Amino acid sequence: MEGEVGPNQVDTLSVCVLAQVIYPLFRVVEPRRISLFERKKQLLKPKELKRIQLDRLRKLVRYSYRNVPLFRKRFDEAHVKPESIKALEDLERVPFTVKTDLRDNYPLGILAVPRTKLYCLHASSGTTGKPIVVSYTHGDLERWGRLVGRTLDVAGVRKGDIVQNMFGYGLFTGGLGFHYGARALGATVIPTGTGNTKRQLMLMNDLRSAVVTCTPSYMVYLCEASRAEGYEPRKDFAVRIGVFGAEPWSEEARKRIEDVFGLSARDVYGMTELYGPGVAIECEQRNGLHVWGDEFLVETINPDTGEVLAPGKEGELVFTMLSREAMPLLRYRTRDLSRVFEEECGCGRCHPRIQRIKGRSDDMLIIGGVNVFPSQIEHVLMNISGLGDQYQIIVSHRELDRLAVKVEATPDRLNDLALRMEIRSDLMAVLGINADVELVELGALPRSDGKARRVIDLRPRE
Ligand code: DLL
């Protein structure tokens, strides 16, 4: 009958309504409601998070005491019994672990499983020329991959996105860490690694990379390099998201990158000892970096006294890894300065947040994402004949971080080009960085009657 709606018409009508009204709505809420990777873990409420943390902490303390002689010794010296850790507040009684514990027990001093259970090793540079070696079981690697997957998810990366991973592959955890993360999430990873800027840009254009991961300083350099190569970044590239970390960076750098590439730039934090990248990431609120609380306990302490600070107070970050098998870490002192915030975030996540890293409380420099200890440079200089005892390390920033070394030389070698080349190549071999080398007259550099100020860091501070 005319005007009446028949069964077939109803079907057609509902399909139309679905397509026109409901589906677009569904698409709007989809990223939050449906595609969140490990959604339950991302949205844990404080009570549940605390329950998981306590349960894992108690197991971790017993596991570490039983399997790692160094931890057993520390607990015994502090007269702390593992069974006496009964509440999260008892964490304060657990002894700290510091970088020198790893260095002094090189290569695998903190190992809780037989070596045959190790799937892989990574390492970061140390002051003595010997790196700090970290180890992973299959389970650790799987867990790390999923953590980085979650981290990328928070930044807005989705299954099927093309991720151009410009972090270094190898002993450094950045490259492989993001590789495993992209894989866990179901994204498509292009493992370009570092360097070869022209090829990076060509692939970014040809393969329509949606996500880039690298150090922020390299991305700032790409802003300039892409234009020099004749690209119009906003038009020629399809990059939507940038995940940047491994070194401190400023809001100015973020703005520059976002303006040039038209992408959303997120800060990611991590360190070799704590698996690598993926410890903390900024959500869309950009009010600090969420630390995955089901895997890490985070505290801030006064770096001089070790006293635990209240949330919101600036101090040294200390992490406890809650479920690492191969190399458990209890209250690991990072030397990174920040604050912790515990309130629920506007994004709905209750994982604690840390403020952007302010700097380090020790003397390690991060030059273009590479960790450099002044003592490594001293070591190189002291092994070359014809040089004086005084030197200066000058770090500056013009689009990229730059390292210059001024060193005193005997009069007969002041204009010796071969000597400069020798220093340059030895520094390259130890640090992996190209340094500018200047030879100056004996007595030209300032002397000190106290601690020598050898490092001059001219990089702008926020
Ligand atoms: O830099 C791991 C990583 C790779 C993090 C890729 C993020 C992305 P390490 O080489 O051991 O590990 O250096 C760790 O780098 O203690 C901080 O001082 C610094 N750092 C890392 N992320 C940030 C960041 C990796 N987002 C050291 N902001 C840490 C400031 C950072 N500093």
# chains A, B, ... in the order shown; residues from 1 in each chain; ligands from 1

$ residues_around --residues "region 359-364 of chain A" --least-positions-apart "4" --cutoff "10 Å" --atoms "only C-alpha atoms" --output "MDAnalysis selection string"
chainID A and resid 126:127 247:248 303:304 315:317 334:338 370:375 455 461

$ residues_near_ligand --ligand "ligand 1" --cutoff "9 Å" --atoms "only C-alpha atoms and all ligand atoms" --output "JSON, numbers by chain"
{"A": [123, 124, 125, 132, 167, 168, 172, 173, 174, 175, 177, 178, 213, 214, 215, 216, 243, 244, 245, 246, 247, 248, 249, 266, 267, 268, 269, 270, 271, 272, 273, 274, 275, 276, 277, 278, 279, 280, 281, 289, 334, 335, 336, 337, 356, 357, 358, 359, 360, 364, 365, 366, 369, 370, 371]}

$ residues_around --residues "Leu111 (chain A)" --least-positions-apart "6" --cutoff "9 Å" --atoms "only C-alpha atoms" --output "list in words"
Asn67, Val68, Ser135, Glu325, Ala326, Met327 and Pro328 of chain A

$ write_last_selection --atoms "C-alpha atoms" --output "PDB file, in the first residue's frame"
ATOM      1  CA  ASN A  67      67.904 -15.284  42.845  1.00  0.00           C
ATOM      2  CA  VAL A  68      70.274 -12.304  42.884  1.00  0.00           C
ATOM      3  CA  SER A 135      69.406  -8.823  29.649  1.00  0.00           C
ATOM      4  CA  GLU A 325      62.455 -11.897  34.888  1.00  0.00           C
ATOM      5  CA  ALA A 326      66.073 -11.738  33.730  1.00  0.00           C
ATOM      6  CA  MET A 327      67.203  -8.572  35.422  1.00  0.00           C
ATOM      7  CA  PRO A 328      64.855  -7.388  38.160  1.00  0.00           C
TER       8      PRO A 328
END

$ closest_residue --among "A:Leu445, A:Met428, A:Ala210, A:Leu201" --to "Gly230 (chain A)" --atoms "only C-alpha atoms"
A:Leu201

$ residues_around --residues "region 252-265 of chain A" --least-positions-apart "2" --cutoff "7 Å" --atoms "only C-alpha atoms" --output "list in words"
Met219, Val220, Cys223, Pro233, Arg234, Val239, Arg240, Ile241, Gly242, Val243, Trp249, Ser250 and Asp267 of chain A

$ write_last_selection --atoms "N, CA and C atoms" --output "compact mmCIF listing (two decimals), in the first residue's frame"
# COMPACT_ATOMS: atom_id res chain seq x y z
N MET A 219 64.75 15.16 14.40
CA MET A 219 63.53 15.62 13.72
C MET A 219 63.62 17.11 13.41
N VAL A 220 64.23 17.86 14.33
CA VAL A 220 64.42 19.29 14.06
C VAL A 220 65.33 19.44 12.84
N CYS A 223 63.50 19.00 9.66
CA CYS A 223 62.70 20.16 9.25
C CYS A 223 63.48 20.96 8.21
N PRO A 233 57.13 19.80 3.42
CA PRO A 233 56.76 18.71 4.33
C PRO A 233 55.26 18.49 4.52
N ARG A 234 54.50 19.55 4.71
CA ARG A 234 53.07 19.35 4.95
C ARG A 234 52.35 18.76 3.73
N VAL A 239 52.91 12.33 7.43
CA VAL A 239 53.19 11.96 8.83
C VAL A 239 52.18 12.64 9.77
N ARG A 240 51.51 11.83 10.55
CA ARG A 240 50.46 12.30 11.45
C ARG A 240 50.98 12.43 12.89
N ILE A 241 51.91 11.51 13.23
CA ILE A 241 52.37 11.41 14.62
C ILE A 241 53.88 11.28 14.67
N GLY A 242 54.49 11.99 15.63
CA GLY A 242 55.93 11.81 15.86
C GLY A 242 56.13 11.44 17.32
N VAL A 243 56.91 10.40 17.57
CA VAL A 243 57.18 9.97 18.95
C VAL A 243 58.68 10.19 19.18
N TRP A 249 64.25 17.77 25.38
CA TRP A 249 63.90 18.70 24.30
C TRP A 249 62.89 19.70 24.81
N SER A 250 62.75 20.78 24.02
CA SER A 250 61.97 21.90 24.53
C SER A 250 60.62 22.02 23.86
N ASP A 267 56.27 13.19 23.59
CA ASP A 267 57.52 12.92 24.32
C ASP A 267 57.46 11.50 24.89

$ atom_distance --atom1 "CA of Phe75 (chain A)" --atom2 "CA of Val340 (chain A)"
26.5 Å

$ residues_around --residues "Ser323 (chain A)" --least-positions-apart "6" --cutoff "8 Å" --atoms "only C-alpha atoms" --output "list in words"
Arg56, Leu60 and Glu295 of chain A

$ write_last_selection --atoms "N, CA and C atoms" --output "mmCIF file, in the first residue's frame"
data_model
loop_
_atom_site.group_PDB
_atom_site.id
_atom_site.type_symbol
_atom_site.label_atom_id
_atom_site.label_comp_id
_atom_site.auth_asym_id
_atom_site.auth_seq_id
_atom_site.Cartn_x
_atom_site.Cartn_y
_atom_site.Cartn_z
ATOM 1 N N ARG A 56 52.581 -7.624 42.943
ATOM 2 C CA ARG A 56 53.826 -7.813 42.186
ATOM 3 C C ARG A 56 55.051 -7.432 42.996
ATOM 4 N N LEU A 60 58.160 -9.756 43.690
ATOM 5 C CA LEU A 60 59.451 -9.285 43.164
ATOM 6 C C LEU A 60 60.532 -9.308 44.237
ATOM 7 N N GLU A 295 53.606 -1.935 35.588
ATOM 8 C CA GLU A 295 54.933 -2.504 35.347
ATOM 9 C C GLU A 295 56.054 -1.784 36.099
#

$ select_by_dssp --residues "region 141-194 of chain A" --states "alpha helix (DSSP H)" --output "number ranges by chain"
A: 141-154, 173-185

$ select_by_dssp --residues "region 265-417 of chain A" --states "strand (DSSP E or B)" --output "VMD selection string"
chain A and resid 265 to 271 276 to 282 289 to 291 296 to 301 308 315 to 321 332 to 338 340 to 341 353 to 354 359 to 360 365 to 367 370 to 372 387 to 398 400 to 409

$ atom_distance --atom1 "CA of Asp140 (chain A)" --atom2 "CA of Val157 (chain A)"
22.6 Å

$ atom_distance --atom1 "CA of Leu329 (chain A)" --atom2 "CA of Tyr136 (chain A)"
12.4 Å

$ residues_around --residues "region 412-415 of chain A" --least-positions-apart "5" --cutoff "9 Å" --atoms "only C-alpha atoms" --output "ChimeraX atom specification"
/A:386-387,420,439-441

$ write_last_selection --atoms "N, CA and C atoms" --output "PDB file, in the first residue's frame"
ATOM      1  N   GLY A 386     101.770  14.424  23.118  1.00  0.00           N
ATOM      2  CA  GLY A 386     101.875  15.763  22.534  1.00  0.00           C
ATOM      3  C   GLY A 386     100.804  16.704  23.051  1.00  0.00           C
ATOM      4  N   LEU A 387      99.932  16.219  23.958  1.00  0.00           N
ATOM      5  CA  LEU A 387      98.857  17.069  24.485  1.00  0.00           C
ATOM      6  C   LEU A 387      99.143  17.474  25.925  1.00  0.00           C
ATOM      7  N   ARG A 420      95.280  16.552  15.169  1.00  0.00           N
ATOM      8  CA  ARG A 420      93.839  16.847  15.294  1.00  0.00           C
ATOM      9  C   ARG A 420      93.000  15.705  14.732  1.00  0.00           C
ATOM     10  N   LEU A 439      93.315  22.873  18.842  1.00  0.00           N
ATOM     11  CA  LEU A 439      94.520  22.800  19.679  1.00  0.00           C
ATOM     12  C   LEU A 439      94.884  24.214  20.124  1.00  0.00           C
ATOM     13  N   VAL A 440      95.081  24.389  21.411  1.00  0.00           N
ATOM     14  CA  VAL A 440      95.438  25.725  21.918  1.00  0.00           C
ATOM     15  C   VAL A 440      96.759  25.646  22.683  1.00  0.00           C
ATOM     16  N   GLU A 441      97.367  26.827  22.859  1.00  0.00           N
ATOM     17  CA  GLU A 441      98.676  26.892  23.543  1.00  0.00           C
ATOM     18  C   GLU A 441      98.593  26.395  24.971  1.00  0.00           C
TER      19      GLU A 441
END

$ residues_around --residues "Lys159 (chain A)" --least-positions-apart "4" --cutoff "10 Å" --atoms "only C-alpha atoms" --output "VMD selection string"
chain A and resid 35 37 149 153 182 to 188

$ write_last_selection --atoms "N, CA and C atoms" --output "PDB file, in the first residue's frame"
ATOM      1  N   SER A  35      39.638   0.618  19.739  1.00  0.00           N
ATOM      2  CA  SER A  35      40.923   0.148  19.258  1.00  0.00           C
ATOM      3  C   SER A  35      42.056   0.306  20.278  1.00  0.00           C
ATOM      4  N   PHE A  37      44.790  -0.424  22.547  1.00  0.00           N
ATOM      5  CA  PHE A  37      45.582  -1.641  22.705  1.00  0.00           C
ATOM      6  C   PHE A  37      45.761  -1.919  24.202  1.00  0.00           C
ATOM      7  N   GLY A 149      54.049  -1.115  22.588  1.00  0.00           N
ATOM      8  CA  GLY A 149      52.808  -1.104  21.791  1.00  0.00           C
ATOM      9  C   GLY A 149      51.783  -0.177  22.434  1.00  0.00           C
ATOM     10  N   ASP A 153      50.285   3.367  21.129  1.00  0.00           N
ATOM     11  CA  ASP A 153      48.837   3.506  21.082  1.00  0.00           C
ATOM     12  C   ASP A 153      48.397   4.829  21.737  1.00  0.00           C
ATOM     13  N   ALA A 182      55.830  -1.647  17.610  1.00  0.00           N
ATOM     14  CA  ALA A 182      55.001  -1.509  16.408  1.00  0.00           C
ATOM     15  C   ALA A 182      54.438  -2.877  16.017  1.00  0.00           C
ATOM     16  N   ARG A 183      55.268  -3.890  16.182  1.00  0.00           N
ATOM     17  CA  ARG A 183      54.862  -5.259  15.830  1.00  0.00           C
ATOM     18  C   ARG A 183      53.718  -5.721  16.742  1.00  0.00           C
ATOM     19  N   ALA A 184      53.873  -5.462  18.044  1.00  0.00           N
ATOM     20  CA  ALA A 184      52.839  -5.884  18.997  1.00  0.00           C
ATOM     21  C   ALA A 184      51.509  -5.199  18.690  1.00  0.00           C
ATOM     22  N   LEU A 185      51.592  -3.962  18.268  1.00  0.00           N
ATOM     23  CA  LEU A 185      50.387  -3.176  18.004  1.00  0.00           C
ATOM     24  C   LEU A 185      49.734  -3.565  16.680  1.00  0.00           C
ATOM     25  N   GLY A 186      50.512  -4.148  15.800  1.00  0.00           N
ATOM     26  CA  GLY A 186      49.966  -4.504  14.479  1.00  0.00           C
ATOM     27  C   GLY A 186      50.218  -3.417  13.455  1.00  0.00           C
ATOM     28  N   ALA A 187      51.150  -2.506  13.763  1.00  0.00           N
ATOM     29  CA  ALA A 187      51.514  -1.475  12.784  1.00  0.00           C
ATOM     30  C   ALA A 187      52.562  -2.056  11.834  1.00  0.00           C
ATOM     31  N   THR A 188      52.843  -1.305  10.760  1.00  0.00           N
ATOM     32  CA  THR A 188      53.837  -1.755   9.782  1.00  0.00           C
ATOM     33  C   THR A 188      55.103  -0.948   9.997  1.00  0.00           C
TER      34      THR A 188
END

$ closest_residue --among "A:Val211, A:Leu147, A:Met204, A:Ile190" --to "Arg39 (chain A)" --atoms "only C-alpha atoms"
A:Leu147
